[in-house]
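See below for model.cif, which holds mmCIF, C-alpha atoms.
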data_target
#
loop_
_atom_site.group_PDB
_atom_site.id
_atom_site.type_symbol
_atom_site.label_atom_id
_atom_site.label_comp_id
_atom_site.auth_asym_id
_atom_site.auth_seq_id
_atom_site.Cartn_x
_atom_site.Cartn_y
_atom_site.Cartn_z
ATOM 1 C CA MET A 16 -75.016 100.176 -68.326
ATOM 2 C CA ILE A 17 -75.079 97.657 -70.767
ATOM 3 C CA ILE A 18 -73.086 99.880 -72.993
ATOM 4 C CA LEU A 19 -70.621 100.412 -70.325
ATOM 5 C CA ALA A 20 -70.570 96.798 -69.727
ATOM 6 C CA ALA A 21 -69.965 96.278 -73.383
ATOM 7 C CA GLU A 22 -67.119 98.679 -73.297
ATOM 8 C CA ALA A 23 -65.664 96.850 -70.409
ATOM 9 C CA HIS A 24 -62.052 96.153 -70.670
ATOM 10 C CA ASN A 25 -60.743 92.845 -71.993
ATOM 11 C CA PRO A 26 -58.178 91.428 -69.560
ATOM 12 C CA LEU A 27 -56.175 89.900 -72.359
ATOM 13 C CA ILE A 28 -55.502 93.209 -74.090
ATOM 14 C CA PRO A 29 -53.391 95.684 -72.090
ATOM 15 C CA LEU A 30 -54.247 99.337 -71.821
ATOM 16 C CA VAL A 31 -52.228 101.834 -73.800
ATOM 17 C CA SER A 32 -51.094 103.599 -70.677
ATOM 18 C CA GLU A 33 -49.787 100.354 -69.316
ATOM 19 C CA ILE A 34 -47.960 99.641 -72.555
ATOM 20 C CA ILE A 35 -46.299 103.068 -72.440
ATOM 21 C CA ILE A 36 -45.347 102.713 -68.762
ATOM 22 C CA GLY A 37 -44.122 99.179 -69.378
ATOM 23 C CA THR A 38 -42.059 100.303 -72.371
ATOM 24 C CA ILE A 39 -40.487 103.188 -70.452
ATOM 25 C CA THR A 40 -39.767 100.932 -67.479
ATOM 26 C CA PHE A 41 -38.299 98.319 -69.794
ATOM 27 C CA ALA A 42 -36.115 100.946 -71.444
ATOM 28 C CA ILE A 43 -34.900 102.197 -68.062
ATOM 29 C CA LEU A 44 -34.229 98.611 -66.989
ATOM 30 C CA CYS A 45 -32.298 97.935 -70.218
ATOM 31 C CA LEU A 46 -30.399 101.156 -69.814
ATOM 32 C CA VAL A 47 -29.426 100.235 -66.223
ATOM 33 C CA MET A 48 -28.531 96.709 -67.303
ATOM 34 C CA PHE A 49 -26.331 97.911 -70.204
ATOM 35 C CA LYS A 50 -24.821 100.705 -68.165
ATOM 36 C CA PHE A 51 -24.053 98.886 -64.896
ATOM 37 C CA VAL A 52 -24.751 95.157 -64.944
ATOM 38 C CA VAL A 53 -23.468 94.128 -68.385
ATOM 39 C CA PRO A 54 -20.049 95.839 -67.921
ATOM 40 C CA ARG A 55 -19.758 94.166 -64.545
ATOM 41 C CA PHE A 56 -20.594 90.805 -66.102
ATOM 42 C CA GLU A 57 -18.056 91.552 -68.840
ATOM 43 C CA GLN A 58 -15.410 92.343 -66.208
ATOM 44 C CA VAL A 59 -16.193 89.117 -64.346
ATOM 45 C CA PHE A 60 -16.104 87.118 -67.586
ATOM 46 C CA VAL A 61 -12.836 88.745 -68.680
ATOM 47 C CA ALA A 62 -11.286 88.151 -65.259
ATOM 48 C CA ARG A 63 -12.458 84.561 -65.299
ATOM 49 C CA ARG A 64 -11.200 84.039 -68.878
ATOM 50 C CA GLU A 65 -7.840 85.577 -67.947
ATOM 51 C CA ALA A 66 -7.652 83.387 -64.866
ATOM 52 C CA ILE A 67 -8.425 80.289 -66.903
ATOM 53 C CA GLU A 68 -6.033 81.264 -69.696
ATOM 54 C CA GLY A 69 -3.384 82.256 -67.146
ATOM 55 C CA GLY A 70 -3.891 78.941 -65.379
ATOM 56 C CA MET A 71 -3.520 77.114 -68.668
ATOM 57 C CA GLU A 72 -0.430 79.133 -69.543
ATOM 58 C CA ARG A 73 1.018 78.450 -66.100
ATOM 59 C CA ALA A 74 0.157 74.779 -66.492
ATOM 60 C CA GLU A 75 1.801 74.708 -69.921
ATOM 61 C CA ALA A 76 4.836 76.554 -68.549
ATOM 62 C CA MET A 77 5.056 74.162 -65.614
ATOM 63 C CA GLN A 78 4.663 71.228 -67.977
ATOM 64 C CA ALA A 79 7.465 72.615 -70.161
ATOM 65 C CA GLU A 80 9.623 73.098 -67.052
ATOM 66 C CA ALA A 81 8.836 69.550 -65.963
ATOM 67 C CA LYS A 82 9.810 68.247 -69.412
ATOM 68 C CA ALA A 83 13.029 70.274 -69.311
ATOM 69 C CA ALA A 84 13.787 68.991 -65.800
ATOM 70 C CA LEU A 85 13.062 65.432 -66.944
ATOM 71 C CA GLU A 86 15.366 65.825 -69.945
ATOM 72 C CA GLN A 87 18.036 67.322 -67.703
ATOM 73 C CA TYR A 88 17.591 64.453 -65.249
ATOM 74 C CA ARG A 89 17.865 61.918 -68.058
ATOM 75 C CA ALA A 90 20.981 63.633 -69.404
ATOM 76 C CA GLN A 91 22.549 63.670 -65.935
ATOM 77 C CA LEU A 92 21.603 60.028 -65.452
ATOM 78 C CA ALA A 93 23.162 59.085 -68.795
ATOM 79 C CA GLU A 94 26.272 61.096 -67.919
ATOM 80 C CA ALA A 95 26.462 59.410 -64.513
ATOM 81 C CA ARG A 96 26.119 55.989 -66.146
ATOM 82 C CA ASN A 97 28.857 56.826 -68.648
ATOM 83 C CA GLU A 98 31.078 58.102 -65.856
ATOM 84 C CA ALA A 99 30.396 54.958 -63.808
ATOM 85 C CA ALA A 100 31.272 52.809 -66.827
ATOM 86 C CA GLN A 101 34.494 54.776 -67.342
ATOM 87 C CA ILE A 102 35.384 54.422 -63.657
ATOM 88 C CA ARG A 103 34.611 50.689 -63.821
ATOM 89 C CA ASP A 104 36.752 50.280 -66.964
ATOM 90 C CA GLN A 105 39.550 52.330 -65.419
ATOM 91 C CA ALA A 106 39.403 50.202 -62.257
ATOM 92 C CA ARG A 107 39.589 47.029 -64.361
ATOM 93 C CA ALA A 108 42.553 48.400 -66.300
ATOM 94 C CA GLU A 109 44.300 49.437 -63.087
ATOM 95 C CA GLY A 110 43.586 45.988 -61.621
ATOM 96 C CA GLN A 111 45.073 44.329 -64.686
ATOM 97 C CA GLN A 112 48.071 46.633 -64.519
ATOM 98 C CA ILE A 113 48.574 45.839 -60.833
ATOM 99 C CA LEU A 114 48.335 42.113 -61.615
ATOM 100 C CA VAL A 115 50.911 42.478 -64.390
ATOM 101 C CA GLU A 116 53.207 44.453 -62.077
ATOM 102 C CA LEU A 117 52.815 41.884 -59.293
ATOM 103 C CA ARG A 118 53.508 39.039 -61.708
ATOM 104 C CA THR A 119 56.544 40.878 -63.043
ATOM 105 C CA GLN A 120 57.811 41.523 -59.519
ATOM 106 C CA ALA A 121 57.179 37.906 -58.553
ATOM 107 C CA GLN A 122 59.017 36.699 -61.669
ATOM 108 C CA GLU A 123 61.929 39.050 -60.967
ATOM 109 C CA GLU A 124 62.057 37.892 -57.340
ATOM 110 C CA SER A 125 61.915 34.269 -58.479
ATOM 111 C CA ASP A 126 64.674 34.861 -61.021
ATOM 112 C CA ARG A 127 66.770 36.620 -58.398
ATOM 113 C CA ILE A 128 66.274 33.770 -55.897
ATOM 114 C CA VAL A 129 67.115 31.184 -58.569
ATOM 115 C CA ALA A 130 70.223 33.151 -59.611
ATOM 116 C CA ARG A 131 71.331 33.470 -55.984
ATOM 117 C CA GLY A 132 70.745 29.732 -55.488
ATOM 118 C CA GLU A 133 72.726 28.922 -58.614
ATOM 119 C CA GLU A 134 75.552 31.169 -57.418
ATOM 120 C CA GLN A 135 75.536 29.458 -54.033
ATOM 121 C CA LEU A 136 75.504 26.050 -55.707
ATOM 122 C CA ALA A 137 78.395 27.049 -57.971
ATOM 123 C CA THR A 138 80.337 28.379 -54.965
ATOM 124 C CA GLN A 139 79.671 25.239 -52.950
ATOM 125 C CA ARG A 140 80.534 23.056 -55.930
ATOM 126 C CA GLN A 141 83.793 24.930 -56.381
ATOM 127 C CA GLN A 142 84.563 24.533 -52.686
ATOM 128 C CA LEU A 143 83.811 20.808 -52.871
ATOM 129 C CA VAL A 144 85.940 20.445 -56.003
ATOM 130 C CA ASN A 145 88.821 22.248 -54.275
ATOM 131 C CA GLU A 146 88.450 20.077 -51.163
ATOM 132 C CA LEU A 147 88.279 16.919 -53.294
ATOM 133 C CA ARG A 148 91.330 17.996 -55.279
ATOM 134 C CA GLY A 149 93.228 18.493 -52.080
ATOM 135 C CA GLN A 150 92.133 15.122 -50.744
ATOM 136 C CA ILE A 151 92.693 13.414 -54.098
ATOM 137 C CA GLY A 152 96.088 15.058 -54.279
ATOM 138 C CA THR A 153 97.021 13.802 -50.831
ATOM 139 C CA LEU A 154 95.731 10.311 -51.611
ATOM 140 C CA ALA A 155 97.421 10.356 -54.998
ATOM 141 C CA VAL A 156 100.738 11.321 -53.419
ATOM 142 C CA GLU A 157 100.454 8.525 -50.869
ATOM 143 C CA LEU A 158 99.399 6.024 -53.526
ATOM 144 C CA ALA A 159 102.096 7.169 -55.903
ATOM 145 C CA GLY A 160 104.609 6.912 -53.110
ATOM 146 C CA ARG A 161 103.566 3.317 -52.495
ATOM 147 C CA VAL A 162 103.572 2.471 -56.216
ATOM 148 C CA VAL A 163 106.893 4.141 -56.914
ATOM 149 C CA GLY A 164 108.329 2.897 -53.735
ATOM 150 C CA GLU A 165 109.832 6.150 -52.684
ATOM 151 C CA SER A 166 108.663 8.863 -50.429
ATOM 152 C CA LEU A 167 107.113 11.822 -52.079
ATOM 153 C CA ALA A 168 107.328 13.936 -48.989
ATOM 154 C CA ASP A 169 109.170 16.609 -50.850
ATOM 155 C CA ASP A 170 106.760 19.415 -51.680
ATOM 156 C CA ALA A 171 108.158 20.025 -55.145
ATOM 157 C CA ARG A 172 107.794 16.402 -56.143
ATOM 158 C CA ARG A 173 104.408 16.092 -54.607
ATOM 159 C CA ARG A 174 103.184 19.279 -56.256
ATOM 160 C CA GLY A 175 104.425 18.157 -59.660
ATOM 161 C CA THR A 176 102.846 14.723 -59.280
ATOM 162 C CA VAL A 177 99.564 16.197 -58.062
ATOM 163 C CA ASP A 178 99.497 18.740 -60.894
ATOM 164 C CA ARG A 179 100.064 16.048 -63.500
ATOM 165 C CA PHE A 180 97.373 13.848 -61.985
ATOM 166 C CA LEU A 181 94.876 16.699 -61.862
ATOM 167 C CA ALA A 182 95.702 17.674 -65.433
ATOM 168 C CA GLU A 183 94.972 14.105 -66.498
ATOM 169 C CA LEU A 184 91.689 14.186 -64.585
ATOM 170 C CA ASP A 185 90.740 17.453 -66.232
ATOM 171 C CA SER A 186 91.561 16.137 -69.691
ATOM 172 C CA MET A 187 89.493 13.016 -69.052
ATOM 173 C CA ALA A 188 86.615 15.156 -67.715
ATOM 174 C CA THR A 189 86.558 17.422 -70.765
ATOM 175 C CA ALA A 190 86.750 14.430 -73.086
ATOM 176 C CA GLY A 191 83.968 12.580 -71.204
ATOM 177 C CA ASP A 192 81.320 15.152 -70.294
ATOM 178 C CA GLY A 193 81.819 18.881 -70.713
ATOM 179 C CA ARG A 194 78.782 19.743 -68.577
ATOM 180 C CA THR A 195 79.679 18.343 -65.176
ATOM 181 C CA GLY A 196 83.439 18.067 -65.300
ATOM 182 C CA VAL A 197 83.120 14.465 -64.100
ATOM 183 C CA PRO A 198 84.584 11.633 -66.228
ATOM 184 C CA VAL A 199 81.920 9.623 -67.983
ATOM 185 C CA SER A 200 81.734 6.085 -66.721
ATOM 186 C CA GLU A 201 79.135 3.352 -66.835
ATOM 187 C CA GLY A 202 77.549 4.599 -63.583
ATOM 188 C CA ASN A 203 77.248 8.240 -64.818
ATOM 189 C CA ARG A 204 75.485 7.469 -68.112
#
Target encoding C-alpha cells, full file:
Amino acid sequence: MIILAAEAHNPLIPLVSEIIIGTITFAILCLVMFKFVVPRFEQVFVARREAIEGGMERAEAMQAEAKAALEQYRAQLAEARNEAAQIRDQARAEGQQILVELRTQAQEESDRIVARGEEQLATQRQQLVNELRGQIGTLAVELAGRVVGESLADDARRRGTVDRFLAELDSMATAGDGRTGVPVSEGNR
C-alpha cells in the first residue's frame, strides 16, 4: 500500500481525463460564445454606437439649425432696425415738410391779410381825401367869396375856383413830399 500511496495523485496536477474534458467543454463554451453571445454583443454595441453617433449627428444638425435660426433672427432684427430708421427718417422729413407748408401757408395768409389791410387803408384814405377835397372846396369857395367880395354861388365859377385851388394843392404836395401827398411843413418834418 505504500506503493499505492506513493502513486497517489497530486492535487496540484490535474488528471489527463480532466484536461481533455475541460478542453472539450472550453471549446464548446467558446463555440457557443462566438456563435451566439459575441454576435449579440456586437449587435448591441453597433446599435449603441449608431444611437450615439445618430444622437451626435442630430445634435450637430440641431446646432446647425439653431445657428441658422440665430443668423436669420439677427438678419431680421437688422432689417427691422433699418426699416425703423427709415420710417423715423421719413417721419422727420414729413414733419419738416409739414412745417414748411404750414409756414408757407401762414406767410401767404399774413401777406394776404396785409394786402387786404393796405387796400382798405388806401380805399379809406381815398375816401377821406375826397371828403376833405369837398370840404376844402366848400370852405375855399366861401373864403374866396369873402376875399373877392362877390358871391361864388354860381356852380361854374365855384368849380373853376375849386379846381384851381386843388391843382395848386396838388402841385405843392408833389413838390413837398411825393410819398404822402401832403405839403411838407415844419410840423410834418
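For the residues A:Ala99, A:Leu181, A:Gly110, A:Cys45, ranking by smallest atom-to-atom distance to A:Asn145 using only C-alpha atoms places A:Leu181 first.
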Worksheet item: When you draw a straight line from atom CA of A:Glu157 to atom CA of A:Gly175, how long is it in Å?
Response: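 Spanning atom CA of A:Glu157 to atom CA of A:Gly175 is a straight-line distance of 13.6 Å.
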Can you check which parts of stretch 68-174 of chain A lie within 12 Å of stretch 50-63 of chain A? Per residue, the shortest pair of atoms and distance in Å to one decimal, counting all atoms listed in the file, sorted by chain and number, as CSV.
residue,atom,partner,partner_atom,distance
A:Glu68,CA,A:Arg63,CA,8.5
A:Gly69,CA,A:Arg63,CA,9.5
A:Gly70,CA,A:Arg63,CA,10.2
Item to complete: Carefully work through the PyMOL selection byres ((chain A and resi 152) around 10) for this structure and note down the residues it includes, as number ranges by chain.
Response: A: 146-151, 153-158, 173-174, 176-178, 180-181
Worksheet item: Any idea what the distance is between atom CA of A:Ser186 and atom CA of A:Val144?
Response: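 Going from atom CA of A:Ser186 over to atom CA of A:Val144, I get 15.4 Å.
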